[in-house]
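Colleague: Below is the file protein35.csv, which contains CSV, C-alpha atoms.
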chain,number,residue,atom,x,y,z
A,438,MET,CA,85.4,2.1,59.3
A,439,TYR,CA,85.8,-0.9,61.6
A,440,ASP,CA,83.2,-3.7,62.2
A,441,ILE,CA,83.9,-5.1,65.6
A,442,PHE,CA,82.0,-8.2,66.7
A,443,ILE,CA,81.7,-10.8,69.4
A,444,LYS,CA,80.1,-14.2,69.2
A,445,THR,CA,78.1,-15.7,72.1
A,446,HIS,CA,75.2,-18.2,72.6
A,447,PHE,CA,72.2,-19.0,74.7
A,448,SER,CA,69.9,-22.0,75.1
A,449,SER,CA,66.2,-21.5,75.4
A,450,GLY,CA,62.9,-23.1,74.6
A,451,HIS,CA,60.1,-21.7,72.5
A,452,TYR,CA,57.2,-22.5,70.2
A,453,LEU,CA,55.7,-20.7,67.3
A,454,ARG,CA,52.0,-20.0,67.7
A,455,ASP,CA,49.8,-20.9,64.7
A,456,TYR,CA,52.8,-22.5,62.9
A,457,PRO,CA,51.5,-25.2,60.5
A,458,GLY,CA,53.9,-27.9,61.6
A,459,SER,CA,56.0,-29.3,64.5
A,460,CYS,CA,57.5,-25.9,65.4
A,461,GLU,CA,54.2,-25.1,67.0
A,462,LEU,CA,55.1,-27.6,69.7
A,463,PRO,CA,57.5,-26.6,72.6
A,464,HIS,CA,61.1,-27.3,71.6
A,465,GLY,CA,64.6,-25.8,72.3
A,466,HIS,CA,67.6,-24.5,70.5
A,467,ASN,CA,71.1,-23.6,71.2
A,468,TRP,CA,71.2,-20.2,69.5
A,469,ASP,CA,74.5,-18.7,68.4
A,470,VAL,CA,74.6,-14.9,68.3
A,471,THR,CA,77.0,-12.4,66.7
A,472,VAL,CA,76.8,-8.8,67.6
A,473,THR,CA,78.6,-6.3,65.4
A,474,VAL,CA,79.4,-2.6,66.3
A,475,ARG,CA,80.6,-0.3,63.5
A,476,ALA,CA,83.2,2.2,64.6
A,477,HIS,CA,83.9,5.4,62.6
A,478,GLU,CA,87.0,6.3,64.5
A,479,LEU,CA,89.4,4.8,67.2
A,480,ASP,CA,90.0,5.9,70.7
A,481,GLN,CA,93.4,7.0,72.1
A,482,LEU,CA,94.3,3.3,72.6
A,483,GLY,CA,93.5,2.4,69.0
A,484,MET,CA,90.2,0.7,69.7
A,485,GLY,CA,86.8,1.3,68.3
A,486,ILE,CA,85.2,-0.3,71.3
A,487,ASP,CA,86.9,-2.4,74.0
A,488,PHE,CA,85.9,-6.1,73.6
A,489,LYS,CA,85.4,-6.2,77.4
A,490,VAL,CA,82.7,-3.4,77.2
A,491,LEU,CA,81.0,-5.1,74.2
A,492,LYS,CA,80.9,-8.5,75.9
A,493,LYS,CA,79.6,-7.0,79.2
A,494,GLU,CA,76.7,-5.2,77.4
A,495,VAL,CA,75.8,-8.1,75.2
A,496,ASN,CA,75.9,-10.6,78.1
A,497,THR,CA,73.4,-8.5,80.0
A,498,ILE,CA,70.8,-9.2,77.3
A,499,ILE,CA,71.9,-12.8,76.5
A,500,ASP,CA,71.8,-13.8,80.1
A,501,ALA,CA,68.1,-12.7,80.3
A,502,LEU,CA,67.3,-15.1,77.4
A,503,ASP,CA,69.3,-18.1,78.5
A,504,HIS,CA,67.4,-21.1,79.8
A,505,ARG,CA,64.1,-19.5,79.5
A,506,ASN,CA,60.8,-20.3,77.8
A,507,LEU,CA,60.9,-17.3,75.4
A,508,ASN,CA,57.1,-17.4,75.0
A,509,GLU,CA,56.7,-16.4,78.6
A,510,MET,CA,58.8,-13.3,78.3
A,511,ASP,CA,56.9,-9.9,78.0
A,512,ALA,CA,58.8,-9.2,74.8
A,513,PHE,CA,57.2,-12.1,73.0
A,514,ALA,CA,53.7,-12.0,74.5
A,515,ASP,CA,52.3,-10.5,71.3
A,516,GLN,CA,54.7,-11.9,68.8
A,517,ASN,CA,56.3,-15.3,68.1
A,518,PRO,CA,59.9,-15.7,69.4
A,519,SER,CA,61.1,-16.5,65.9
A,520,SER,CA,64.8,-16.1,65.1
A,521,GLU,CA,63.8,-12.8,63.3
A,522,ASN,CA,62.0,-11.4,66.3
A,523,ILE,CA,64.8,-12.6,68.7
A,524,ALA,CA,67.4,-10.8,66.6
A,525,ARG,CA,65.4,-7.6,66.6
A,526,TYR,CA,64.8,-7.9,70.3
A,527,ILE,CA,68.5,-8.2,71.0
A,528,TYR,CA,69.3,-5.3,68.7
A,529,GLU,CA,66.7,-3.0,70.2
A,530,SER,CA,67.8,-3.9,73.7
A,531,LEU,CA,71.4,-3.1,72.9
A,532,PHE,CA,71.0,-0.1,70.7
A,533,GLU,CA,71.3,2.7,73.3
A,534,ARG,CA,73.9,0.8,75.3
A,535,LEU,CA,76.1,0.5,72.2
A,536,THR,CA,75.8,3.9,70.7
A,537,HIS,CA,78.6,6.4,71.2
A,538,GLN,CA,80.1,9.2,69.2
A,539,ARG,CA,82.8,6.8,67.8
A,540,TYR,CA,80.6,3.7,67.3
A,541,GLN,CA,77.1,2.4,66.9
A,542,LEU,CA,75.4,-1.0,67.0
A,543,TYR,CA,75.4,-2.3,63.4
A,544,SER,CA,73.8,-5.7,63.3
A,545,VAL,CA,72.8,-8.9,65.3
A,546,THR,CA,73.1,-12.3,63.6
A,547,VAL,CA,71.2,-15.2,65.1
A,548,TYR,CA,71.8,-18.8,64.2
A,549,GLU,CA,68.9,-21.1,65.1
A,550,THR,CA,71.0,-24.1,63.9
A,551,ASN,CA,74.5,-24.5,62.5
A,552,THR,CA,73.2,-24.0,59.0
A,553,SER,CA,70.2,-21.6,59.5
A,554,GLY,CA,70.2,-18.0,60.6
A,555,LEU,CA,69.7,-14.4,59.8
A,556,THR,CA,71.0,-10.9,60.3
A,557,TYR,CA,69.0,-8.0,61.6
A,558,TYR,CA,70.2,-4.5,60.7
A,559,GLY,CA,68.7,-1.6,62.5
A,560,PRO,CA,68.9,2.1,61.5
A,561,ALA,CA,72.7,2.0,61.4
A,562,GLY,CA,72.6,-0.7,58.7
A,563,GLU,CA,70.2,1.0,56.4
Would you kindly transcribe this structure into structure tokens?
Modeller:
Amino acid sequence: MYDIFIKTHFSSGHYLRDYPGSCELPHGHNWDVTVTVRAHELDQLGMGIDFKVLKKEVNTIIDALDHRNLNEMDAFADQNPSSENIARYIYESLFERLTHQRYQLYSVTVYETNTSGLTYYGPAGE
């Protein structure tokens, strides 16, 4: 098996509703994101997934998050745009786009700061 990943980033504002502290106030982050696809076999060129294809699909979702107030997006109308929910949103938005007979989306890692982050694993990571 091969875990193939790309790293990207976006900048956005958000606030956490009902948070008991300063994160309830509007503020911004420069989120770093790693998207990993797990390939079970390689194509005729020796690739699990072309980096070009992976970047194109990921950028479609990341571009929609960049320079936005995440609280104003439909995806976060009923839930806080926490790092956890952002990672799950990215994963769910990419899952069908990055599922193929050779590979499947495996995980999305979101760093809220240089030292704090998390990884979301969907069904492929269970």
Colleague: Please build the interface table for region 477-558 of chain A against region 444-459 of chain A with a cut-off of 6 Å, listing for each qualifying residue the nearest atom pair and the distance in Å to one decimal; count all atoms listed in the file, order rows by chain and increasing number, and write it as JSON lines.
Modeller:
{"residue": "A:Asp503", "atom": "CA", "partner": "A:Phe447", "partner_atom": "CA", "distance": 4.9}
{"residue": "A:His504", "atom": "CA", "partner": "A:Ser449", "partner_atom": "CA", "distance": 4.6}
{"residue": "A:Arg505", "atom": "CA", "partner": "A:Ser449", "partner_atom": "CA", "distance": 5.0}
{"residue": "A:Asn506", "atom": "CA", "partner": "A:Gly450", "partner_atom": "CA", "distance": 4.7}
{"residue": "A:Leu507", "atom": "CA", "partner": "A:His451", "partner_atom": "CA", "distance": 5.3}
{"residue": "A:Asn508", "atom": "CA", "partner": "A:His451", "partner_atom": "CA", "distance": 5.8}
{"residue": "A:Asn517", "atom": "CA", "partner": "A:Leu453", "partner_atom": "CA", "distance": 5.5}
Colleague: Smallest atom-to-atom distance to Asp469 (chain A): which of A:Phe532, A:Ala524, A:Tyr557, A:Lys493, using all atoms listed in the file?
Modeller: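 Of the candidates, the smallest distance to Asp469 (chain A) is held by A:Ala524.
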Colleague: Quick check, in Å to one decimal: how far apart do CA of Ile443 (chain A) and CA of Tyr543 (chain A) lie?
Modeller: 12.2 Å
Colleague: I'd like to know which of A:Tyr528, A:Phe442, A:Trp468, A:Phe488 is closest to Pro560 (chain A), using all atoms listed in the file.
Modeller: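 The closest residue to Pro560 (chain A) is A:Tyr528.
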Colleague: Of the candidates A:Val472, A:Ile498, A:Leu479, A:Ala512, which shows the shortest atom-to-atom distance to Gly559 (chain A), using only C-alpha atoms?
Modeller: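 Among the listed residues, A:Val472 lies closest to Gly559 (chain A).
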Colleague: Point out the residue among A:Glu478, A:Asp500, A:Asp515, A:Glu521 with the least atom-to-atom distance to Ile441 (chain A), counting only C-alpha atoms.
Modeller: A:Glu478
Colleague: Counting all atoms listed in the file, which of A:Lys492, A:Gln481, A:Pro463, A:Thr497 gets nearest to Glu509 (chain A)?
Modeller: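 Among A:Lys492, A:Gln481, A:Pro463, A:Thr497, it is A:Pro463 that comes nearest to Glu509 (chain A).
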Colleague: Smallest atom-to-atom distance to Gly465 (chain A): which of A:Val490, A:Glu533, A:Asn496, A:Glu549, using only C-alpha atoms?
Modeller: A:Glu549
Colleague: Please report the interatomic distance between CA of Ser553 (chain A) and CA of Arg525 (chain A) in Å with one decimal.
Modeller: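 Taking CA of Ser553 (chain A) as the start and CA of Arg525 (chain A) as the end point, the length is 16.4 Å.
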Colleague: If I take CA of His477 (chain A) and CA of Met438 (chain A), how far is one from the other in Å, to one decimal?
Modeller: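 According to the coordinates, CA of His477 (chain A) and CA of Met438 (chain A) are separated by 4.9 Å.
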Colleague: So that I can see what lies close to Leu542 (chain A), please list as a list in words the residues with an atom at most 7 Å from it, counting only C-alpha atoms and leaving out residues fewer than 6 positions away in the same chain.
Modeller: Thr473, Val474, Arg475, Phe532, Leu535, Thr536 and Ala561 of chain A
